[in-house]
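Asks: My structure file structure-v4.cif, mmCIF, C-alpha atoms, is below:
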data_final
#
loop_
_atom_site.label_atom_id
_atom_site.label_comp_id
_atom_site.auth_asym_id
_atom_site.auth_seq_id
_atom_site.Cartn_x
_atom_site.Cartn_y
_atom_site.Cartn_z
CA MET A 1 78.68 -32.76 -29.50
CA LEU A 2 78.34 -33.23 -25.75
CA LEU A 3 77.55 -36.92 -26.29
CA GLN A 4 80.64 -37.26 -28.47
CA ALA A 5 82.79 -35.63 -25.79
CA ALA A 6 81.30 -37.88 -23.10
CA LYS A 7 82.01 -40.94 -25.27
CA GLN A 8 85.64 -39.93 -25.72
CA ILE A 9 86.10 -39.31 -22.00
CA GLY A 10 84.41 -42.62 -21.16
CA ALA A 11 86.60 -44.56 -23.57
CA GLY A 12 89.67 -42.91 -22.09
CA LEU A 13 88.57 -43.81 -18.58
CA ALA A 14 87.88 -47.40 -19.63
CA THR A 15 91.52 -47.88 -20.57
CA SER A 16 92.58 -47.15 -16.98
CA GLY A 17 91.70 -50.78 -16.27
CA LEU A 18 94.92 -51.66 -18.06
CA ALA A 19 96.94 -50.52 -15.01
CA GLY A 20 95.84 -53.57 -13.04
CA ALA A 21 96.51 -55.90 -15.94
CA GLY A 22 100.00 -54.45 -16.30
CA VAL A 23 100.72 -55.26 -12.66
CA GLY A 24 99.26 -58.72 -13.19
CA VAL A 25 101.47 -59.55 -16.17
CA GLY A 26 104.47 -58.19 -14.27
CA VAL A 27 103.70 -60.43 -11.29
CA VAL A 28 103.39 -63.48 -13.56
CA PHE A 29 106.82 -62.99 -15.13
CA ALA A 30 108.48 -61.84 -11.90
CA SER A 31 107.34 -65.08 -10.31
CA LEU A 32 108.67 -66.98 -13.32
CA VAL A 33 112.10 -65.38 -12.85
CA ILE A 34 112.12 -66.11 -9.13
CA GLY A 35 110.92 -69.67 -9.64
CA THR A 36 113.51 -70.34 -12.34
CA SER A 37 116.35 -68.89 -10.29
CA ARG A 38 115.40 -71.10 -7.33
CA ASN A 39 115.09 -74.26 -9.37
CA PRO A 40 116.52 -73.98 -12.91
CA ASN A 41 115.62 -77.62 -13.63
CA LEU A 42 111.94 -76.74 -13.77
CA LYS A 43 112.46 -74.01 -16.39
CA ASP A 44 110.44 -75.56 -19.22
CA GLU A 45 107.58 -76.64 -17.00
CA LEU A 46 107.34 -73.24 -15.32
CA PHE A 47 107.45 -71.43 -18.66
CA LYS A 48 104.38 -73.35 -19.88
CA ILE A 49 102.42 -72.38 -16.79
CA ALA A 50 103.64 -68.79 -17.03
CA ILE A 51 102.43 -68.53 -20.63
CA LEU A 52 99.02 -69.80 -19.57
CA GLY A 53 98.95 -67.30 -16.71
CA PHE A 54 100.08 -64.52 -19.03
CA ALA A 55 97.29 -65.27 -21.50
CA LEU A 56 94.67 -65.38 -18.75
CA THR A 57 95.86 -62.07 -17.30
CA GLU A 58 96.16 -60.41 -20.68
CA ALA A 59 92.57 -61.34 -21.49
CA ILE A 60 91.40 -59.23 -18.55
CA ALA A 61 93.23 -56.26 -20.06
CA LEU A 62 91.49 -56.89 -23.35
CA PHE A 63 88.10 -56.76 -21.66
CA ALA A 64 88.89 -53.13 -20.79
CA LEU A 65 89.93 -52.48 -24.38
CA MET A 66 86.74 -54.11 -25.64
CA PHE A 67 84.65 -51.88 -23.43
CA ALA A 68 86.51 -48.83 -24.73
CA PHE A 69 85.60 -49.89 -28.27
CA LEU A 70 82.01 -50.56 -27.27
CA ILE A 71 81.75 -47.07 -25.82
CA LEU A 72 83.43 -45.42 -28.81
CA PHE A 73 81.75 -47.21 -31.69
CA SER A 74 78.24 -48.00 -30.48
CA MET B 1 87.63 -53.39 -49.10
CA PHE B 2 90.04 -52.34 -51.83
CA ASN B 3 90.67 -48.61 -51.74
CA THR B 4 91.94 -47.89 -55.21
CA THR B 5 91.23 -44.17 -55.22
CA ILE B 6 94.10 -42.32 -53.57
CA ASN B 7 92.20 -39.99 -51.31
CA LEU B 8 94.55 -39.67 -48.38
CA LYS B 9 92.23 -37.83 -46.05
CA SER B 10 89.31 -40.22 -46.24
CA ALA B 11 91.24 -43.44 -46.83
CA PHE B 12 91.77 -44.08 -43.14
CA GLN B 13 88.35 -45.00 -41.85
CA SER B 14 87.40 -46.68 -38.62
CA PRO B 15 89.90 -49.37 -37.57
CA LEU B 16 86.95 -51.70 -37.00
CA GLU B 17 86.06 -51.61 -40.69
CA GLN B 18 88.01 -54.83 -41.30
CA PHE B 19 85.55 -56.91 -39.26
CA GLU B 20 82.60 -56.22 -41.56
CA ILE B 21 80.82 -59.25 -42.97
CA LEU B 22 80.25 -58.52 -46.65
CA PRO B 23 77.72 -60.50 -48.69
CA LEU B 24 79.44 -61.54 -51.91
CA PHE B 25 76.63 -63.24 -53.87
CA LYS B 26 73.40 -65.11 -53.31
CA THR B 27 72.61 -68.61 -54.51
CA LEU B 28 69.69 -70.89 -53.66
CA GLY B 29 68.57 -68.63 -50.83
CA LEU B 30 72.01 -68.76 -49.22
CA THR B 31 74.11 -65.65 -48.93
CA ILE B 32 77.78 -66.35 -49.48
CA THR B 33 79.77 -63.91 -47.36
CA ASN B 34 83.50 -63.47 -46.92
CA GLU B 35 83.07 -65.41 -43.66
CA THR B 36 81.76 -68.45 -45.54
CA VAL B 37 84.59 -68.25 -48.05
CA ILE B 38 87.28 -68.17 -45.37
CA LEU B 39 85.62 -71.01 -43.44
CA SER B 40 85.56 -73.23 -46.55
CA LEU B 41 89.18 -72.28 -47.27
CA VAL B 42 90.15 -73.36 -43.75
CA PHE B 43 88.42 -76.70 -44.18
CA ILE B 44 90.13 -77.29 -47.52
CA PHE B 45 93.47 -76.29 -45.97
CA ILE B 46 93.09 -78.67 -43.02
CA PHE B 47 92.04 -81.51 -45.34
CA LEU B 48 95.01 -80.95 -47.66
CA PHE B 49 97.40 -80.50 -44.73
CA PHE B 50 96.68 -83.99 -43.46
CA LYS B 51 96.16 -85.52 -46.90
CA ALA B 52 99.63 -84.41 -47.99
CA SER B 53 101.29 -86.30 -45.14
CA PHE B 54 99.76 -89.65 -46.08
CA ASN B 55 101.21 -92.18 -48.47
CA GLN B 56 99.41 -91.33 -51.70
CA ASN B 57 99.04 -94.96 -52.79
CA ASP B 58 97.26 -96.61 -49.86
CA ASN B 59 96.50 -93.70 -47.46
CA SER B 60 98.79 -94.98 -44.72
CA LEU B 61 101.39 -93.13 -42.69
CA TYR B 62 105.08 -93.72 -43.25
CA VAL B 63 107.14 -95.59 -40.68
CA ILE B 64 110.06 -93.30 -41.41
CA PRO B 65 108.32 -89.91 -41.63
CA HIS B 66 109.11 -87.38 -44.29
CA ARG B 67 109.30 -83.66 -43.41
CA TRP B 68 105.58 -82.96 -43.76
CA GLN B 69 104.67 -85.84 -41.50
CA VAL B 70 107.23 -84.69 -38.91
CA ILE B 71 105.37 -81.38 -38.53
CA ILE B 72 102.10 -83.20 -37.86
CA GLU B 73 103.80 -85.59 -35.43
CA ILE B 74 105.25 -82.67 -33.43
CA ILE B 75 101.80 -81.08 -33.08
CA TYR B 76 100.28 -84.48 -32.27
CA LYS B 77 102.83 -85.10 -29.51
CA MET B 78 102.35 -81.60 -28.08
CA ILE B 79 98.56 -82.00 -27.84
CA LEU B 80 98.88 -85.54 -26.48
CA ALA B 81 101.21 -84.30 -23.72
CA MET B 82 98.77 -81.48 -22.97
CA VAL B 83 95.81 -83.86 -22.70
CA THR B 84 97.59 -86.43 -20.53
CA ASP B 85 99.06 -83.74 -18.26
CA ASN B 86 95.80 -81.93 -17.64
CA ILE B 87 93.24 -84.75 -17.54
CA SER B 88 94.20 -87.24 -14.85
CA GLY B 89 93.19 -90.87 -15.17
CA ASP B 90 93.01 -92.94 -18.34
CA LYS B 91 89.70 -91.43 -19.49
CA GLY B 92 91.69 -88.45 -20.74
CA GLN B 93 92.94 -90.31 -23.81
CA PHE B 94 89.36 -90.62 -25.00
CA PHE B 95 89.07 -86.86 -25.48
CA PHE B 96 92.30 -86.43 -27.42
CA PRO B 97 90.60 -86.24 -30.87
CA LEU B 98 88.29 -83.48 -29.64
CA VAL B 99 91.12 -81.35 -28.28
CA PHE B 100 93.30 -81.96 -31.34
CA THR B 101 90.52 -80.93 -33.73
CA LEU B 102 89.71 -77.89 -31.62
CA PHE B 103 93.33 -76.73 -31.52
CA PHE B 104 93.81 -77.22 -35.24
CA PHE B 105 90.57 -75.45 -36.14
CA ILE B 106 91.27 -72.40 -33.98
CA VAL B 107 94.92 -72.13 -34.94
CA SER B 108 94.00 -72.25 -38.66
CA LEU B 109 91.32 -69.58 -38.24
CA ASN B 110 93.73 -67.35 -36.30
CA LEU B 111 96.58 -67.75 -38.76
CA ILE B 112 94.48 -67.24 -41.89
CA GLY B 113 93.35 -63.95 -40.38
CA LEU B 114 96.93 -62.65 -40.37
CA VAL B 115 97.07 -62.75 -44.17
CA PRO B 116 96.50 -59.20 -45.49
CA TYR B 117 93.00 -58.56 -46.91
CA SER B 118 91.87 -61.79 -45.33
CA PHE B 119 89.22 -62.10 -42.66
CA THR B 120 89.55 -63.29 -39.05
CA LEU B 121 86.63 -65.50 -38.10
CA THR B 122 87.69 -65.70 -34.46
CA SER B 123 87.39 -61.92 -34.13
CA HIS B 124 83.61 -62.41 -34.19
CA LEU B 125 82.00 -63.06 -30.83
CA ILE B 126 79.36 -65.38 -32.31
CA VAL B 127 81.98 -67.81 -33.65
CA THR B 128 84.01 -68.14 -30.45
CA PHE B 129 80.94 -68.04 -28.24
CA SER B 130 79.15 -70.83 -30.07
CA LEU B 131 82.34 -72.92 -29.91
CA SER B 132 82.77 -72.42 -26.16
CA THR B 133 79.06 -72.94 -25.41
CA ALA B 134 79.00 -76.18 -27.39
CA ILE B 135 82.02 -77.38 -25.39
CA PHE B 136 80.39 -76.36 -22.10
CA ILE B 137 77.15 -78.22 -22.86
CA GLY B 138 79.13 -81.27 -24.00
CA ILE B 139 81.22 -81.31 -20.80
CA ASN B 140 78.05 -81.13 -18.69
CA ILE B 141 76.51 -84.09 -20.54
CA ILE B 142 79.72 -86.14 -20.21
CA SER B 143 80.01 -85.33 -16.52
CA PHE B 144 76.39 -86.31 -15.85
CA ARG B 145 76.82 -89.60 -17.74
CA LEU B 146 79.97 -90.46 -15.79
CA ASN B 147 79.15 -89.21 -12.29
CA GLY B 148 75.38 -89.10 -12.10
CA ILE B 149 74.04 -87.01 -9.25
CA LYS B 150 77.53 -86.73 -7.75
CA PHE B 151 78.16 -84.10 -10.44
CA PHE B 152 76.80 -81.46 -8.04
CA SER B 153 79.68 -82.05 -5.63
CA LEU B 154 81.63 -79.93 -8.09
CA PHE B 155 80.01 -76.87 -6.56
CA PHE B 156 80.95 -77.81 -3.01
CA PRO B 157 84.71 -77.48 -2.39
CA ALA B 158 86.16 -80.37 -0.41
CA GLY B 159 86.86 -79.84 3.27
CA THR B 160 84.53 -76.89 3.88
CA SER B 161 82.09 -76.67 6.74
CA LEU B 162 78.37 -76.42 6.02
CA ALA B 163 78.18 -72.76 7.11
CA LEU B 164 80.99 -71.78 4.77
CA GLY B 165 79.46 -73.98 2.08
CA LEU B 166 76.31 -71.87 2.04
CA LEU B 167 78.49 -68.93 1.06
CA LEU B 168 80.77 -70.80 -1.34
CA VAL B 169 78.19 -72.74 -3.36
CA PRO B 170 76.64 -69.65 -5.05
CA VAL B 171 80.14 -68.33 -5.79
CA GLU B 172 81.18 -71.67 -7.31
CA ILE B 173 78.01 -71.85 -9.40
CA MET B 174 78.60 -68.32 -10.66
CA SER B 175 82.19 -69.09 -11.64
CA TYR B 176 81.05 -72.30 -13.32
CA VAL B 177 78.40 -70.54 -15.39
CA PHE B 178 80.82 -67.81 -16.45
CA ARG B 179 83.33 -70.35 -17.81
CA PRO B 180 81.95 -70.53 -21.38
CA ILE B 181 81.47 -66.77 -21.48
CA SER B 182 85.05 -66.02 -20.45
CA LEU B 183 86.38 -68.76 -22.74
CA GLY B 184 84.63 -67.23 -25.75
CA ILE B 185 85.33 -63.60 -24.87
CA ARG B 186 89.04 -64.26 -24.26
CA LEU B 187 89.70 -65.53 -27.77
CA PHE B 188 87.44 -62.94 -29.39
CA ALA B 189 88.90 -59.98 -27.49
CA ASN B 190 92.50 -61.04 -28.12
CA MET B 191 92.03 -61.40 -31.84
CA MET B 192 89.91 -58.26 -32.24
CA ALA B 193 92.20 -56.05 -30.15
CA GLY B 194 95.30 -57.30 -31.96
CA HIS B 195 93.95 -56.72 -35.43
CA THR B 196 92.62 -53.29 -34.46
CA LEU B 197 96.05 -52.39 -33.08
CA LEU B 198 97.70 -53.35 -36.37
CA LYS B 199 95.17 -51.27 -38.30
CA VAL B 200 95.68 -48.25 -36.03
CA PHE B 201 99.45 -48.33 -36.54
CA ALA B 202 99.03 -48.78 -40.27
CA GLY B 203 96.69 -45.78 -40.16
CA PHE B 204 99.41 -43.66 -38.51
CA ALA B 205 101.82 -44.49 -41.31
CA TRP B 206 99.14 -43.86 -43.93
CA THR B 207 98.32 -40.42 -42.55
CA LEU B 208 102.02 -39.45 -42.30
CA MET B 209 102.51 -40.57 -45.89
CA GLY B 210 100.14 -37.81 -46.95
CA CYS B 211 102.44 -35.15 -45.47
CA SER B 212 104.85 -33.32 -47.74
CA GLY B 213 108.53 -32.52 -47.30
CA ILE B 214 110.73 -34.07 -44.62
CA LEU B 215 107.67 -35.20 -42.66
CA PHE B 216 107.03 -37.80 -45.35
CA PHE B 217 109.97 -39.88 -44.11
CA THR B 218 108.57 -40.12 -40.57
CA HIS B 219 106.04 -42.66 -41.80
CA PHE B 220 108.75 -45.30 -41.58
CA VAL B 221 108.64 -45.10 -37.78
CA PRO B 222 105.10 -46.57 -37.35
CA LEU B 223 105.91 -49.09 -40.06
CA LEU B 224 108.97 -50.22 -38.08
CA VAL B 225 106.82 -50.56 -34.96
CA LEU B 226 104.34 -52.56 -37.02
CA LEU B 227 106.90 -55.25 -37.79
CA PRO B 228 107.40 -56.54 -34.19
CA LEU B 229 103.68 -56.13 -33.61
CA ILE B 230 102.93 -58.58 -36.41
CA GLY B 231 105.36 -60.99 -34.74
CA LEU B 232 103.47 -60.48 -31.48
CA GLU B 233 100.19 -61.16 -33.26
CA LEU B 234 101.61 -64.39 -34.64
CA GLY B 235 102.51 -65.40 -31.08
CA VAL B 236 99.10 -64.38 -29.76
CA ALA B 237 97.36 -66.40 -32.48
CA LEU B 238 99.26 -69.54 -31.45
CA ILE B 239 99.07 -68.91 -27.69
CA GLN B 240 95.34 -68.24 -27.70
CA ALA B 241 94.61 -71.45 -29.60
CA PHE B 242 96.82 -73.26 -27.08
CA VAL B 243 95.10 -71.58 -24.11
CA PHE B 244 91.65 -72.41 -25.50
CA SER B 245 92.52 -76.10 -25.74
CA VAL B 246 94.30 -76.16 -22.35
CA LEU B 247 91.27 -74.64 -20.66
CA THR B 248 89.01 -77.14 -22.41
CA CYS B 249 91.23 -79.88 -20.94
CA ILE B 250 91.05 -78.34 -17.46
CA TYR B 251 87.25 -78.04 -17.61
CA LEU B 252 87.01 -81.61 -18.90
CA ASN B 253 89.19 -82.75 -16.00
CA ASP B 254 86.87 -80.98 -13.54
CA GLY B 255 83.88 -82.62 -15.18
CA ILE B 256 85.35 -86.14 -15.27
CA ASN B 257 87.21 -86.40 -11.97
CA LEU B 258 85.27 -83.80 -9.94
CA HIS B 259 87.51 -82.55 -7.15
#
Using structure tokens, write down the structure that the file contains.
Replies:
Amino acid sequence: MLLQAAKQIGAGLATSGLAGAGVGVGVVFASLVIGTSRNPNLKDELFKIAILGFALTEAIALFALMFAFLILFS
Amino acid sequence: MFNTTINLKSAFQSPLEQFEILPLFKTLGLTITNETVILSLVFIFIFLFFKASFNQNDNSLYVIPHRWQVIIEIIYKMILAMVTDNISGDKGQFFFPLVFTLFFFIVSLNLIGLVPYSFTLTSHLIVTFSLSTAIFIGINIISFRLNGIKFFSLFFPAGTSLALGLLLVPVEIMSYVFRPISLGIRLFANMMAGHTLLKVFAGFAWTLMGCSGILFFTHFVPLLVLLPLIGLELGVALIQAFVFSVLTCIYLNDGINLH
């Protein structure tokens, strides 16, 4: 019972890593907006890079999620 | 897999249940699992996808493409632009078939996983990890063949003093060694987390369906949320395949041109 409770608390704490990833994704798209507004000609090129940056940042968030699952189901 | 008995309380099991590898039957000492079935389906699909675009009489491509061939040409152009943008120099063209095959393989595995009651191969760490490790070993061999002993200059950033280099070289080696690990984990974690999310939301709807009275109609809310989520998953499946091949290109560029 105590182990179960500790697992639940640990999994909950593991998701707090998502805060940083949220900031990261926000920064990526904020920079995209700023970059596009400064030079609209580069829109397509910047969007490609932003998608790559978004995927790389999002993966970090998913590491936290993976650890939550590892704690819960192992 | 198929829950035919309507037992509402026990029907919603762990959301990770969908990733189980189930042995279907055994022949000649081989166990045919659902993983094997999906993998063979993907190979058949890829073969037919390209076969259908060829001229059926003499296996050549049309000069004026029909619709099917246009789809393949769009993907071809996209990957070619990706390879030439990311790998500088004319050696990049040489690796186009590798990147094209890689992209097509991963995108097919990701998309076949979105079919209900299907199975996502890329949500298994062993599949993505063996792919990324094979690529990593291959890039090392290519880089050694091309650059010889100069390959080790990859770990020493240009324009650093010797004192700073002592600090930076271990860091660079660490980041180099972690490349295949992060490449494999990224694809695996994205696919697994996405499919688990879909299952969790479906579970909400399923549990609410068991309620009586006016509460029964609230199960439409999670189902409505599920709809955009499936669209998101479709995007993630495409983006992750794209990111995997872009990163392969970037690592290849590092290996070929050093920096």
Asks: Figure out the distance between CA of Val25 (chain A) and CA of Leu56 (chain A), please, to one decimal in Å.
Replies: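 We find that CA of Leu56 (chain A) and CA of Val25 (chain A) lie 9.3 Å from each other.
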Asks: For chain B against chain A, with a cut-off of 10 Å and counting all atoms listed in the file, what is the closest atom pair and its distance in Å to one decimal for every residue that makes the cut, ordered by chain and number, as a tab-separated table?
Replies:
residue	atom	partner	partner_atom	distance
B:Ser14	CA	A:Phe73	CA	9.0
B:Leu16	CA	A:Phe73	CA	8.7
B:Ser182	CA	A:Ala59	CA	8.9
B:Leu183	CA	A:Ala59	CA	9.7
B:Ile185	CA	A:Phe63	CA	8.0
B:Arg186	CA	A:Ala59	CA	5.4
B:Leu187	CA	A:Ala59	CA	8.1
B:Phe188	CA	A:Leu62	CA	9.5
B:Ala189	CA	A:Leu62	CA	5.8
B:Asn190	CA	A:Leu62	CA	6.4
B:Met191	CA	A:Leu62	CA	9.6
B:Met192	CA	A:Met66	CA	8.4
B:Ala193	CA	A:Leu62	CA	6.9
B:Gly194	CA	A:Leu62	CA	9.4
B:Thr196	CA	A:Phe69	CA	10.0
B:Val236	CA	A:Ala55	CA	8.5
B:Ile239	CA	A:Ala55	CA	7.4
B:Gln240	CA	A:Ala55	CA	7.1
B:Phe242	CA	A:Leu52	CA	8.6
B:Val243	CA	A:Leu52	CA	6.3
B:Phe244	CA	A:Leu52	CA	9.8
B:Val246	CA	A:Leu52	CA	8.4
B:Leu247	CA	A:Leu52	CA	9.2
Asks: Expressed in Å to a single decimal, how great is the separation between CA of Leu102 (chain B) and CA of Leu252 (chain B)?
Replies: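 The value is 13.5 Å.
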Asks: Taking (100.9, -62.2, -11.4) in the file's own coordinates, collect the residues within 10 Å, counting only C-alpha atoms, and hand them back as a list in words.
Replies: Ala21, Gly22, Val23, Gly24, Val25, Gly26, Val27, Val28, Phe29, Ala30, Ser31, Leu32, Ala50, Gly53, Phe54 and Thr57 of chain A
Asks: Just so the selection is clear, what residues does the PyMOL selection byres ((chain B and resi 122-135) around 6) cover here, as a list in words?
Replies: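 Checked against the file, the PyMOL selection byres ((chain B and resi 122-135) around 6) matches Thr120, Leu121, Phe136, Ile137, Gly138, Pro180, Gly184, Phe188, Met191 and Met192 of chain B.
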Asks: If I take CA of Phe96 (chain B) and CA of Ile79 (chain B), how far is one from the other in Å, to one decimal?
Replies: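 Computing the Euclidean distance for CA of Phe96 (chain B) and CA of Ile79 (chain B) yields 7.7 Å.
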Asks: Evaluate the PyMOL selection byres ((chain B and resi 19-25) around 8) on the structure here and hand back the selected residues as a short mmCIF file (atom, residue, chain, number, x, y, z; two decimals) with C-alpha atoms, keeping the file's coordinate frame.
Replies:
data_model
loop_
_atom_site.label_atom_id
_atom_site.label_comp_id
_atom_site.auth_asym_id
_atom_site.auth_seq_id
_atom_site.Cartn_x
_atom_site.Cartn_y
_atom_site.Cartn_z
CA LEU B 16 86.95 -51.70 -37.00
CA GLU B 17 86.06 -51.61 -40.69
CA GLN B 18 88.01 -54.83 -41.30
CA LYS B 26 73.40 -65.11 -53.31
CA THR B 27 72.61 -68.61 -54.51
CA THR B 31 74.11 -65.65 -48.93
CA ILE B 32 77.78 -66.35 -49.48
CA THR B 33 79.77 -63.91 -47.36
CA ASN B 34 83.50 -63.47 -46.92
CA GLU B 35 83.07 -65.41 -43.66
CA PHE B 119 89.22 -62.10 -42.66
CA THR B 120 89.55 -63.29 -39.05
CA SER B 123 87.39 -61.92 -34.13
CA HIS B 124 83.61 -62.41 -34.19
#
Asks: Hey, what comes out of the PyMOL selection byres ((chain B and resi 220) around 12) on this file? Could you write it as a list of chain:residue names?
Replies: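 This file, filtered by the PyMOL selection byres ((chain B and resi 220) around 12), leaves B:Phe201, B:Ala202, B:Phe204, B:Ala205, B:Trp206, B:Thr207, B:Leu208, B:Met209, B:Ile214, B:Leu215, B:Phe216, B:Phe217, B:Thr218, B:His219, B:Val221, B:Pro222, B:Leu223, B:Leu224, B:Val225, B:Leu226, B:Leu227.
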Asks: Within 12 Å of Asn253 (chain B), counting only C-alpha atoms, which residues show up once you throw out same-chain ones fewer than 5 positions away? Write them as a PyMOL selection string, please.
Replies: chain B and resi 82-95+139-140+142-143+154+246-248+258-259
Asks: Around all the atoms of region 50-67 of chain A listed in the file, with 3 Å of room on each side, what axis-aligned box do you get, giving centre and edge lengths in Å to one decimal, as JSON?
Replies:
{"center_x": 94.1, "center_y": -60.8, "center_z": -21.2, "size_x": 25.0, "size_y": 23.9, "size_z": 14.9}
Asks: List the neighbours of Leu13 (chain A) out to 12 Å using all atoms listed in the file; skip same-chain residues closer than 3 positions along the sequence, and give me the result as a VMD selection string.
Replies: chain A and resid 6 to 10 16 to 19 64 to 65 67 to 69 71 to 72
Asks: Start from the incomplete input, build N, CA and C atoms for region 33-56 of chain A, and deliver everything as a CSV table (one decimal), in the frame of the given file.
Replies:
chain,number,residue,atom,x,y,z
A,33,VAL,N,110.7,-65.6,-13.1
A,33,VAL,CA,112.1,-65.4,-12.8
A,33,VAL,C,112.5,-65.9,-11.5
A,34,ILE,N,111.8,-65.6,-10.5
A,34,ILE,CA,112.1,-66.1,-9.1
A,34,ILE,C,112.1,-67.6,-9.1
A,35,GLY,N,111.0,-68.2,-9.7
A,35,GLY,CA,110.9,-69.7,-9.6
A,35,GLY,C,112.1,-70.3,-10.4
A,36,THR,N,112.4,-69.8,-11.5
A,36,THR,CA,113.5,-70.3,-12.3
A,36,THR,C,114.9,-70.2,-11.6
A,37,SER,N,115.1,-69.1,-11.0
A,37,SER,CA,116.4,-68.9,-10.3
A,37,SER,C,116.5,-69.8,-9.1
A,38,ARG,N,115.3,-70.2,-8.5
A,38,ARG,CA,115.4,-71.1,-7.3
A,38,ARG,C,115.6,-72.5,-7.8
A,39,ASN,N,115.0,-72.9,-8.9
A,39,ASN,CA,115.1,-74.3,-9.4
A,39,ASN,C,115.2,-74.3,-10.9
A,40,PRO,N,116.4,-74.1,-11.4
A,40,PRO,CA,116.5,-74.0,-12.9
A,40,PRO,C,116.1,-75.2,-13.6
A,41,ASN,N,116.0,-76.4,-13.0
A,41,ASN,CA,115.6,-77.6,-13.6
A,41,ASN,C,114.2,-77.6,-14.1
A,42,LEU,N,113.4,-76.8,-13.4
A,42,LEU,CA,111.9,-76.7,-13.8
A,42,LEU,C,111.6,-75.7,-14.8
A,43,LYS,N,112.6,-75.2,-15.5
A,43,LYS,CA,112.5,-74.0,-16.4
A,43,LYS,C,111.3,-74.2,-17.4
A,44,ASP,N,111.4,-75.3,-18.1
A,44,ASP,CA,110.4,-75.6,-19.2
A,44,ASP,C,109.0,-75.7,-18.7
A,45,GLU,N,108.9,-76.4,-17.6
A,45,GLU,CA,107.6,-76.6,-17.0
A,45,GLU,C,107.0,-75.3,-16.5
A,46,LEU,N,107.8,-74.5,-15.8
A,46,LEU,CA,107.3,-73.2,-15.3
A,46,LEU,C,107.0,-72.3,-16.5
A,47,PHE,N,107.7,-72.4,-17.5
A,47,PHE,CA,107.4,-71.4,-18.7
A,47,PHE,C,106.1,-71.7,-19.3
A,48,LYS,N,105.7,-73.0,-19.4
A,48,LYS,CA,104.4,-73.4,-19.9
A,48,LYS,C,103.3,-72.7,-19.0
A,49,ILE,N,103.4,-72.9,-17.7
A,49,ILE,CA,102.4,-72.4,-16.8
A,49,ILE,C,102.4,-70.9,-16.9
A,50,ALA,N,103.6,-70.2,-17.0
A,50,ALA,CA,103.6,-68.8,-17.0
A,50,ALA,C,102.9,-68.3,-18.3
A,51,ILE,N,103.1,-69.0,-19.4
A,51,ILE,CA,102.4,-68.5,-20.6
A,51,ILE,C,100.9,-68.6,-20.5
A,52,LEU,N,100.5,-69.7,-19.8
A,52,LEU,CA,99.0,-69.8,-19.6
A,52,LEU,C,98.5,-68.7,-18.7
A,53,GLY,N,99.3,-68.4,-17.6
A,53,GLY,CA,99.0,-67.3,-16.7
A,53,GLY,C,99.0,-66.0,-17.4
A,54,PHE,N,100.0,-65.8,-18.3
A,54,PHE,CA,100.1,-64.5,-19.0
A,54,PHE,C,98.9,-64.3,-19.9
A,55,ALA,N,98.4,-65.4,-20.6
A,55,ALA,CA,97.3,-65.3,-21.5
A,55,ALA,C,96.0,-65.0,-20.7
A,56,LEU,N,95.9,-65.6,-19.6
A,56,LEU,CA,94.7,-65.4,-18.8
A,56,LEU,C,94.6,-63.9,-18.2
